[in-house]
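Student: Just one file: protein-v8.txt, with compact mmCIF, C-alpha atoms.
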```
# COMPACT_ATOMS: atom_id res chain seq x y z
CA GLY Y 1 -1.49 10.83 -7.07
CA ALA Y 2 -0.99 9.75 -3.52
CA GLY Y 3 0.62 6.42 -4.27
CA VAL Y 4 2.64 4.57 -6.87
CA SER Y 5 0.53 3.93 -9.92
CA GLN Y 6 1.15 1.15 -12.41
CA SER Y 7 -0.54 0.52 -15.70
CA PRO Y 8 -1.98 -1.60 -17.06
CA SER Y 9 -3.05 -3.66 -14.06
CA ASN Y 10 -3.38 -6.72 -16.26
CA LYS Y 11 -1.87 -7.51 -19.63
CA VAL Y 12 -2.34 -10.58 -21.75
CA THR Y 13 -0.10 -10.77 -24.77
CA GLU Y 14 0.86 -13.29 -27.40
CA LYS Y 15 4.28 -14.83 -27.38
CA GLY Y 16 6.66 -12.80 -29.49
CA LYS Y 17 4.90 -9.46 -29.02
CA ASP Y 18 6.44 -6.45 -27.30
CA VAL Y 19 4.91 -4.98 -24.15
CA GLU Y 20 5.38 -1.75 -22.23
CA LEU Y 21 4.66 -1.45 -18.54
CA ARG Y 22 4.36 1.96 -16.95
CA CYS Y 23 5.10 3.21 -13.46
CA ASP Y 24 4.17 6.60 -12.02
CA PRO Y 25 6.09 7.03 -8.77
CA ILE Y 26 5.11 9.20 -5.84
CA SER Y 27 5.85 12.82 -6.64
CA GLY Y 28 9.32 13.86 -5.43
CA HIS Y 29 10.63 10.34 -4.97
CA THR Y 30 14.06 10.14 -6.54
CA ALA Y 31 14.53 6.38 -6.43
CA LEU Y 32 12.49 3.94 -8.48
CA TYR Y 33 12.71 0.17 -8.50
CA TRP Y 34 11.34 -2.58 -10.70
CA TYR Y 35 10.86 -6.10 -9.39
CA ARG Y 36 9.02 -9.09 -10.69
CA GLN Y 37 7.32 -11.84 -8.79
CA SER Y 38 6.34 -15.18 -10.21
CA LEU Y 39 3.50 -17.09 -8.60
CA GLY Y 40 4.44 -18.15 -5.09
CA GLN Y 41 7.95 -16.79 -5.42
CA GLY Y 42 9.94 -13.98 -3.88
CA LEU Y 43 10.80 -10.59 -5.32
CA GLU Y 44 13.26 -10.68 -8.19
CA PHE Y 45 15.14 -7.41 -8.61
CA LEU Y 46 15.24 -6.02 -12.13
CA ILE Y 47 16.53 -2.44 -12.13
CA TYR Y 48 17.04 0.56 -9.86
CA PHE Y 49 16.87 4.20 -10.91
CA GLN Y 50 18.24 7.15 -9.01
CA GLY Y 51 16.88 10.15 -10.84
CA ASN Y 52 17.04 9.33 -14.54
CA SER Y 53 20.10 7.13 -14.33
CA ALA Y 54 20.22 3.44 -13.53
CA PRO Y 55 23.16 2.67 -11.24
CA ASP Y 56 22.08 -0.95 -11.02
CA LYS Y 57 20.42 -2.79 -13.86
CA SER Y 58 22.08 -6.08 -13.14
CA GLY Y 59 18.75 -7.81 -12.58
CA LEU Y 60 17.45 -7.47 -16.12
CA PRO Y 61 17.26 -11.13 -17.21
CA SER Y 62 18.11 -10.64 -20.88
CA ASP Y 63 18.61 -8.01 -23.56
CA ARG Y 64 14.91 -8.31 -24.34
CA PHE Y 65 14.30 -6.28 -21.20
CA SER Y 66 14.94 -2.55 -21.02
CA ALA Y 67 13.76 0.32 -18.89
CA GLU Y 68 13.94 4.05 -18.93
CA ARG Y 69 12.98 6.88 -16.70
CA THR Y 70 12.34 10.39 -17.90
CA GLY Y 71 12.14 13.67 -16.03
CA GLY Y 72 12.99 11.88 -12.81
CA SER Y 73 9.44 10.63 -12.75
CA VAL Y 74 7.64 8.14 -14.97
CA SER Y 75 9.37 4.89 -15.83
CA THR Y 76 8.65 2.41 -18.59
CA LEU Y 77 9.72 -1.23 -18.58
CA THR Y 78 9.76 -2.73 -22.05
CA ILE Y 79 9.88 -6.43 -22.83
CA GLN Y 80 10.56 -7.32 -26.43
CA ARG Y 81 9.61 -10.61 -28.08
CA THR Y 82 7.85 -11.83 -24.97
CA GLN Y 83 8.22 -15.43 -23.87
CA GLN Y 84 6.00 -17.52 -21.65
CA GLU Y 85 8.57 -17.42 -18.86
CA ASP Y 86 8.10 -13.64 -18.75
CA SER Y 87 4.67 -14.20 -17.22
CA ALA Y 88 4.72 -12.70 -13.72
CA VAL Y 89 3.58 -9.73 -11.67
CA TYR Y 90 5.82 -6.74 -12.31
CA LEU Y 91 6.09 -4.46 -9.30
CA CYS Y 92 7.30 -0.90 -9.19
CA ALA Y 93 8.32 0.99 -6.06
CA SER Y 94 9.59 4.46 -5.27
CA SER Y 95 11.31 6.07 -2.32
CA MET Y 96 13.38 8.97 -1.10
CA PRO Y 97 16.55 7.15 -0.08
CA GLU Y 98 18.23 10.37 0.94
CA ARG Y 99 15.96 10.30 3.93
CA GLY Y 100 16.20 6.56 4.37
CA MET Y 101 12.54 6.32 3.68
CA GLU Y 102 10.82 3.09 2.97
CA ALA Y 103 9.86 2.16 -0.56
CA PHE Y 104 6.21 2.31 -1.49
CA PHE Y 105 4.92 -0.24 -3.92
CA GLY Y 106 2.35 -0.06 -6.66
CA GLN Y 107 -0.29 -2.70 -7.17
CA GLY Y 108 1.70 -4.32 -9.92
CA THR Y 109 1.04 -5.34 -13.50
CA ARG Y 110 0.09 -8.96 -14.02
CA LEU Y 111 1.60 -10.02 -17.32
CA THR Y 112 0.43 -13.21 -18.97
CA VAL Y 113 2.14 -14.40 -22.14
CA VAL Y 114 0.09 -16.94 -24.07
CA ALA Z 1 27.61 -6.81 -1.83
CA GLN Z 2 24.60 -7.00 0.38
CA LYS Z 3 22.37 -9.90 1.22
CA VAL Z 4 19.27 -10.69 3.26
CA THR Z 5 18.53 -14.20 4.47
CA GLN Z 6 15.18 -15.38 5.74
CA ALA Z 7 15.90 -18.97 6.60
CA GLN Z 8 12.29 -19.85 7.39
CA THR Z 9 10.45 -20.53 4.16
CA GLU Z 10 7.15 -21.44 5.80
CA ILE Z 11 5.80 -21.23 9.31
CA SER Z 12 2.47 -22.56 10.49
CA VAL Z 13 1.01 -21.72 13.90
CA VAL Z 14 -2.30 -21.92 15.67
CA GLU Z 15 -4.13 -18.72 16.46
CA LYS Z 16 -2.99 -16.94 19.64
CA GLU Z 17 0.48 -18.43 19.47
CA ASP Z 18 3.47 -16.10 19.37
CA VAL Z 19 5.68 -16.39 16.29
CA THR Z 20 9.09 -14.95 15.40
CA LEU Z 21 10.27 -14.42 11.84
CA ASP Z 22 14.03 -14.36 11.45
CA CYS Z 23 16.04 -12.02 9.27
CA VAL Z 24 19.82 -11.95 8.93
CA TYR Z 25 21.55 -9.37 6.76
CA GLU Z 26 25.01 -8.78 5.32
CA THR Z 27 26.53 -5.46 4.37
CA ARG Z 28 29.89 -3.72 4.62
CA ASP Z 29 28.29 -0.31 4.95
CA THR Z 30 28.05 1.28 8.36
CA THR Z 31 24.94 3.23 7.44
CA TYR Z 32 21.98 1.23 6.25
CA TYR Z 33 18.25 0.79 6.67
CA LEU Z 34 16.25 -2.32 7.38
CA PHE Z 35 12.60 -2.89 6.56
CA TRP Z 36 9.82 -5.40 6.97
CA TYR Z 37 6.99 -5.74 4.48
CA LYS Z 38 3.82 -7.81 4.55
CA GLN Z 39 2.25 -9.31 1.44
CA PRO Z 40 -1.23 -10.64 2.15
CA PRO Z 41 -3.03 -12.92 -0.31
CA SER Z 42 -4.31 -9.84 -2.12
CA GLY Z 43 -0.74 -9.32 -3.34
CA GLU Z 44 -0.10 -5.74 -2.28
CA LEU Z 45 3.18 -5.13 -0.48
CA VAL Z 46 2.54 -3.27 2.76
CA PHE Z 47 5.31 -1.48 4.61
CA LEU Z 48 5.51 -2.38 8.31
CA ILE Z 49 8.65 -0.85 9.79
CA ARG Z 50 11.98 0.85 9.07
CA ARG Z 51 15.07 0.84 11.28
CA ASN Z 52 18.30 2.81 10.89
CA SER Z 53 21.64 1.15 11.50
CA PHE Z 54 22.52 3.65 14.21
CA ASP Z 55 19.35 3.05 16.22
CA GLU Z 56 19.25 -0.34 17.91
CA GLN Z 57 16.23 0.38 20.02
CA ASN Z 58 13.66 -2.34 19.77
CA GLU Z 59 10.19 -1.31 18.79
CA ILE Z 60 6.73 -2.46 19.66
CA SER Z 61 3.58 -1.63 17.76
CA GLY Z 62 0.53 -3.37 19.11
CA ARG Z 63 1.04 -7.09 18.65
CA TYR Z 64 4.14 -6.52 16.51
CA SER Z 65 7.65 -6.12 17.85
CA TRP Z 66 11.07 -5.97 16.24
CA ASN Z 67 14.44 -6.94 17.68
CA PHE Z 68 17.41 -5.31 15.94
CA GLN Z 69 20.84 -6.64 16.97
CA LYS Z 70 23.88 -5.36 15.08
CA SER Z 71 26.14 -7.82 16.89
CA THR Z 72 24.42 -10.71 15.14
CA SER Z 73 23.27 -8.76 12.04
CA SER Z 74 19.71 -9.72 12.74
CA PHE Z 75 16.39 -7.92 12.55
CA ASN Z 76 13.76 -10.32 13.80
CA PHE Z 77 10.03 -9.77 13.81
CA THR Z 78 7.69 -11.16 16.45
CA ILE Z 79 3.92 -11.34 16.30
CA THR Z 80 2.30 -11.84 19.68
CA ALA Z 81 -1.03 -13.63 19.97
CA SER Z 82 -1.20 -14.29 16.24
CA GLN Z 83 -4.46 -13.99 14.35
CA VAL Z 84 -5.71 -15.53 11.13
CA VAL Z 85 -5.44 -12.10 9.46
CA ASP Z 86 -1.69 -12.21 10.05
CA SER Z 87 -1.43 -14.94 7.43
CA ALA Z 88 0.77 -13.53 4.69
CA VAL Z 89 4.24 -13.59 3.22
CA TYR Z 90 6.63 -11.39 5.16
CA PHE Z 91 9.70 -9.90 3.55
CA CYS Z 92 12.75 -8.39 5.22
CA ALA Z 93 14.75 -5.86 3.19
CA LEU Z 94 18.03 -3.91 3.35
CA LYS Z 95 19.00 -0.59 1.78
CA THR Z 96 22.41 1.11 1.70
CA SER Z 97 23.42 4.36 0.08
CA GLY Z 98 23.43 4.25 -3.68
CA SER Z 99 22.38 0.65 -3.88
CA ARG Z 100 19.28 -1.33 -4.66
CA LEU Z 101 16.70 -2.33 -2.09
CA THR Z 102 17.57 -5.96 -1.37
CA PHE Z 103 14.86 -8.36 -0.24
CA GLY Z 104 15.03 -11.71 1.46
CA GLU Z 105 13.20 -14.67 -0.01
CA GLY Z 106 10.23 -14.16 2.26
CA THR Z 107 8.55 -16.26 4.95
CA GLN Z 108 5.06 -17.63 4.37
CA LEU Z 109 3.19 -17.41 7.65
CA THR Z 110 -0.01 -19.37 8.04
CA VAL Z 111 -2.11 -18.83 11.15
CA ASN Z 112 -4.71 -21.54 11.61
CA PRO Z 113 -7.89 -21.00 13.60
```
Turn this file's structure into structure tokens for me.
Tutor:
Amino acid sequence: GAGVSQSPSNKVTEKGKDVELRCDPISGHTALYWYRQSLGQGLEFLIYFQGNSAPDKSGLPSDRFSAERTGGSVSTLTIQRTQQEDSAVYLCASSMPERGMEAFFGQGTRLTVV
Amino acid sequence: AQKVTQAQTEISVVEKEDVTLDCVYETRDTTYYLFWYKQPPSGELVFLIRRNSFDEQNEISGRYSWNFQKSTSSFNFTITASQVVDSAVYFCALKTSGSRLTFGEGTQLTVNP
């Protein structure tokens, strides 16, 4: 596709359940980022992929959070045993940092834990 | 380590006023990129501009202009003759080689009619 695609756009889950959020970056973009944004707040960094490896995953808030990227393309962010404080919009972005290009963002996944 | 500071949390102006959003960055790298993004109430993050560390030329695009000064590590954004549609949260960001894209906390701009 032409842009970064995230699915689902909305997810409501019960506390304690696991969720998977998916990000399809722009074709050819080697860098992929996950951020989350709580209502009225700034962008909280979660993890950064360069290719399939994650040189910086220091933003993952707990061991309930994990992410992987396969084939240098699609990425999945998994949250295990969800808690109410996990409720936020999860944003994915991709870029070609080798060219200093800007990151393009997806529309986000709005996660609500009830 | 790298850091971006947007000291202005909220700014409120009346339509047609000029407004400047401040951005100060920290990095030890000599090669880096700076960005501004706009996040309107719809929530989508919209890219506005990119600057390279080796290009200090200021840029103007319509009512938008950017002032990049390496001497003060600042990359400020000015909107001339603001309009209600400019109301949004504006984020400044920094990228160096091999590192994450670091965002400031954002500035909420409200333009009142």
Student: How many Å separate atom CA of Asp63 of chain Y from atom CA of Gly42 of chain Y?
Tutor: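 Taking atom CA of Asp63 of chain Y as the start and atom CA of Gly42 of chain Y as the end point, the length is 22.3 Å.
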Student: Up to 7 Å from chain Z, what residues of chain Y turn up? Count only C-alpha atoms and give them as a PDB file with C-alpha atoms, keeping the file's coordinate frame.
Tutor:
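See result-v9.pdb below for the written result:
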```
ATOM      1  CA  GLY Y  42       9.940 -13.980  -3.880  1.00  0.00           C
ATOM      2  CA  LEU Y  43      10.800 -10.590  -5.320  1.00  0.00           C
ATOM      3  CA  TYR Y  48      17.040   0.560  -9.860  1.00  0.00           C
ATOM      4  CA  ASP Y  56      22.080  -0.950 -11.020  1.00  0.00           C
ATOM      5  CA  GLY Y 100      16.200   6.560   4.370  1.00  0.00           C
ATOM      6  CA  GLU Y 102      10.820   3.090   2.970  1.00  0.00           C
ATOM      7  CA  PHE Y 105       4.920  -0.240  -3.920  1.00  0.00           C
ATOM      8  CA  GLN Y 107      -0.290  -2.700  -7.170  1.00  0.00           C
TER       9      GLN Y 107
END
```
Student: Pick from Z:Ala1, Z:Ile79, Z:Ala7, Z:Val84: nearest to Thr20 of chain Z, with all atoms listed in the file counted?
Tutor: Z:Ile79
Student: I'd like the neighbourhood of Val13 of chain Z as JSON, numbers by chain, where a residue qualifies if any of its atoms comes within 10 Å (using only C-alpha atoms), though same-chain residues fewer than 4 positions away should be ignored.
Tutor: {"Z": [17, 18, 19, 82, 83, 84, 87, 109, 110, 111, 112, 113]}
Student: Output C-alpha atoms for every residue in that selection, as a JSON list (two decimals), in the coordinates of the input.
Tutor:
```json
[["chain", "number", "residue", "atom", "x", "y", "z"],
["Z", 17, "GLU", "CA", 0.48, -18.43, 19.47],
["Z", 18, "ASP", "CA", 3.47, -16.10, 19.37],
["Z", 19, "VAL", "CA", 5.68, -16.39, 16.29],
["Z", 82, "SER", "CA", -1.20, -14.29, 16.24],
["Z", 83, "GLN", "CA", -4.46, -13.99, 14.35],
["Z", 84, "VAL", "CA", -5.71, -15.53, 11.13],
["Z", 87, "SER", "CA", -1.43, -14.94, 7.43],
["Z", 109, "LEU", "CA", 3.19, -17.41, 7.65],
["Z", 110, "THR", "CA", -0.01, -19.37, 8.04],
["Z", 111, "VAL", "CA", -2.11, -18.83, 11.15],
["Z", 112, "ASN", "CA", -4.71, -21.54, 11.61],
["Z", 113, "PRO", "CA", -7.89, -21.00, 13.60]]
```
Student: Can you tell me which residues surround Ser73 of chain Y at a distance of at most 9 Å, considering only C-alpha atoms, apart from same-chain residues fewer than 4 positions away, and format the answer as a PyMOL selection string?
Tutor: chain Y and resi 23-30+32+51-52+69
Student: Just the number, please: distance in Å from atom CA of Pro41 of chain Z to atom CA of Val14 of chain Z, one decimal.
Tutor: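 For atom CA of Pro41 of chain Z relative to atom CA of Val14 of chain Z, the distance reads 18.4 Å.
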Student: Find, counting all atoms listed in the file, the residue in Y:Pro8, Y:Gly72, Y:Gly16, Y:Gly3 that gets nearest to Gln84 of chain Y.
Tutor: Y:Gly16
Student: Name the residues within 12 Å of (19.2, -6.2, 17.7), counting only C-alpha atoms in the file's coordinates, and put them as a VMD selection string.
Tutor: chain Z and resid 22 to 25 34 51 to 59 65 to 77
Student: For atom CA of Leu21 of chain Y and atom CA of Gly40 of chain Y, quote the distance in Å rounded to one decimal.
Tutor: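 Between atom CA of Leu21 of chain Y and atom CA of Gly40 of chain Y the gap works out to 21.4 Å.
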Student: Could you check which of Y:Leu39, Y:Leu60, Y:Ile79, Y:Met96 is closest to Thr13 of chain Y, using only C-alpha atoms?
Tutor: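 For Thr13 of chain Y, the nearest of the candidates is Y:Ile79.
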Student: Write segment 80-91 of chain Y as an mmCIF file, in the coordinates of the input, completed to all heavy atoms.
Tutor:
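As written to disk, out-v1.cif reads:
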```
data_model
loop_
_atom_site.group_PDB
_atom_site.id
_atom_site.type_symbol
_atom_site.label_atom_id
_atom_site.label_comp_id
_atom_site.auth_asym_id
_atom_site.auth_seq_id
_atom_site.Cartn_x
_atom_site.Cartn_y
_atom_site.Cartn_z
ATOM 1 N N GLN Y 80 10.681 -7.024 -25.003
ATOM 2 C CA GLN Y 80 10.560 -7.320 -26.430
ATOM 3 C C GLN Y 80 10.451 -8.831 -26.639
ATOM 4 O O GLN Y 80 10.998 -9.627 -25.866
ATOM 5 C CB GLN Y 80 11.785 -6.792 -27.182
ATOM 6 C CG GLN Y 80 11.913 -5.278 -27.130
ATOM 7 C CD GLN Y 80 13.152 -4.786 -27.850
ATOM 8 O OE1 GLN Y 80 14.254 -5.303 -27.632
ATOM 9 N NE2 GLN Y 80 12.999 -3.801 -28.704
ATOM 10 N N ARG Y 81 9.724 -9.193 -27.676
ATOM 11 C CA ARG Y 81 9.610 -10.610 -28.080
ATOM 12 C C ARG Y 81 9.295 -11.472 -26.863
ATOM 13 O O ARG Y 81 10.035 -12.381 -26.498
ATOM 14 C CB ARG Y 81 10.902 -11.079 -28.761
ATOM 15 C CG ARG Y 81 11.309 -10.209 -29.946
ATOM 16 C CD ARG Y 81 12.582 -10.713 -30.606
ATOM 17 N NE ARG Y 81 13.716 -10.792 -29.699
ATOM 18 C CZ ARG Y 81 14.450 -9.768 -29.315
ATOM 19 N NH1 ARG Y 81 14.153 -8.544 -29.757
ATOM 20 N NH2 ARG Y 81 15.479 -9.940 -28.502
ATOM 21 N N THR Y 82 8.193 -11.174 -26.228
ATOM 22 C CA THR Y 82 7.850 -11.830 -24.970
ATOM 23 C C THR Y 82 7.835 -13.349 -25.094
ATOM 24 O O THR Y 82 7.481 -13.920 -26.140
ATOM 25 C CB THR Y 82 6.489 -11.358 -24.450
ATOM 26 O OG1 THR Y 82 5.512 -11.496 -25.501
ATOM 27 C CG2 THR Y 82 6.539 -9.919 -23.975
ATOM 28 N N GLN Y 83 8.219 -13.977 -23.989
ATOM 29 C CA GLN Y 83 8.220 -15.430 -23.870
ATOM 30 C C GLN Y 83 7.306 -15.827 -22.717
ATOM 31 O O GLN Y 83 7.010 -15.011 -21.835
ATOM 32 C CB GLN Y 83 9.645 -15.935 -23.596
ATOM 33 C CG GLN Y 83 10.672 -15.523 -24.624
ATOM 34 C CD GLN Y 83 10.411 -16.157 -25.977
ATOM 35 O OE1 GLN Y 83 10.142 -17.351 -26.066
ATOM 36 N NE2 GLN Y 83 10.471 -15.353 -27.029
ATOM 37 N N GLN Y 84 6.903 -17.082 -22.701
ATOM 38 C CA GLN Y 84 6.000 -17.520 -21.650
ATOM 39 C C GLN Y 84 6.611 -17.387 -20.264
ATOM 40 O O GLN Y 84 5.903 -17.089 -19.290
ATOM 41 C CB GLN Y 84 5.541 -18.964 -21.907
ATOM 42 C CG GLN Y 84 4.571 -19.078 -23.057
ATOM 43 C CD GLN Y 84 3.979 -20.461 -23.211
ATOM 44 O OE1 GLN Y 84 4.605 -21.459 -22.856
ATOM 45 N NE2 GLN Y 84 2.775 -20.532 -23.750
ATOM 46 N N GLU Y 85 7.917 -17.544 -20.166
ATOM 47 C CA GLU Y 85 8.570 -17.420 -18.860
ATOM 48 C C GLU Y 85 8.598 -15.977 -18.349
ATOM 49 O O GLU Y 85 8.987 -15.737 -17.205
ATOM 50 C CB GLU Y 85 9.993 -17.979 -18.893
ATOM 51 C CG GLU Y 85 10.921 -17.293 -19.870
ATOM 52 C CD GLU Y 85 11.035 -18.042 -21.186
ATOM 53 O OE1 GLU Y 85 10.064 -18.737 -21.564
ATOM 54 O OE2 GLU Y 85 12.098 -17.926 -21.820
ATOM 55 N N ASP Y 86 8.187 -15.032 -19.192
ATOM 56 C CA ASP Y 86 8.100 -13.640 -18.750
ATOM 57 C C ASP Y 86 6.824 -13.401 -17.936
ATOM 58 O O ASP Y 86 6.673 -12.347 -17.309
ATOM 59 C CB ASP Y 86 8.115 -12.672 -19.938
ATOM 60 C CG ASP Y 86 9.386 -12.771 -20.754
ATOM 61 O OD1 ASP Y 86 10.433 -13.186 -20.197
ATOM 62 O OD2 ASP Y 86 9.332 -12.448 -21.966
ATOM 63 N N SER Y 87 5.927 -14.352 -17.951
ATOM 64 C CA SER Y 87 4.670 -14.200 -17.220
ATOM 65 C C SER Y 87 4.960 -14.066 -15.731
ATOM 66 O O SER Y 87 5.626 -14.916 -15.135
ATOM 67 C CB SER Y 87 3.751 -15.403 -17.465
ATOM 68 O OG SER Y 87 3.374 -15.491 -18.826
ATOM 69 N N ALA Y 88 4.458 -12.991 -15.132
ATOM 70 C CA ALA Y 88 4.720 -12.700 -13.720
ATOM 71 C C ALA Y 88 3.966 -11.414 -13.366
ATOM 72 O O ALA Y 88 3.374 -10.772 -14.228
ATOM 73 C CB ALA Y 88 6.208 -12.509 -13.462
ATOM 74 N N VAL Y 89 4.045 -11.053 -12.091
ATOM 75 C CA VAL Y 89 3.580 -9.730 -11.670
ATOM 76 C C VAL Y 89 4.810 -8.823 -11.611
ATOM 77 O O VAL Y 89 5.806 -9.156 -10.968
ATOM 78 C CB VAL Y 89 2.889 -9.782 -10.300
ATOM 79 C CG1 VAL Y 89 2.516 -8.367 -9.849
ATOM 80 C CG2 VAL Y 89 1.637 -10.654 -10.364
ATOM 81 N N TYR Y 90 4.724 -7.703 -12.293
ATOM 82 C CA TYR Y 90 5.820 -6.740 -12.310
ATOM 83 C C TYR Y 90 5.465 -5.607 -11.355
ATOM 84 O O TYR Y 90 4.449 -4.929 -11.513
ATOM 85 C CB TYR Y 90 6.055 -6.232 -13.731
ATOM 86 C CG TYR Y 90 6.672 -7.306 -14.594
ATOM 87 C CD1 TYR Y 90 5.891 -8.313 -15.150
ATOM 88 C CD2 TYR Y 90 8.051 -7.351 -14.807
ATOM 89 C CE1 TYR Y 90 6.464 -9.337 -15.900
ATOM 90 C CE2 TYR Y 90 8.630 -8.354 -15.561
ATOM 91 C CZ TYR Y 90 7.836 -9.349 -16.097
ATOM 92 O OH TYR Y 90 8.407 -10.353 -16.829
ATOM 93 N N LEU Y 91 6.333 -5.434 -10.368
ATOM 94 C CA LEU Y 91 6.090 -4.460 -9.300
ATOM 95 C C LEU Y 91 7.046 -3.283 -9.420
ATOM 96 O O LEU Y 91 8.234 -3.463 -9.671
ATOM 97 C CB LEU Y 91 6.275 -5.129 -7.937
ATOM 98 C CG LEU Y 91 5.240 -6.196 -7.570
ATOM 99 C CD1 LEU Y 91 5.757 -7.065 -6.442
ATOM 100 C CD2 LEU Y 91 3.936 -5.544 -7.161
#
```
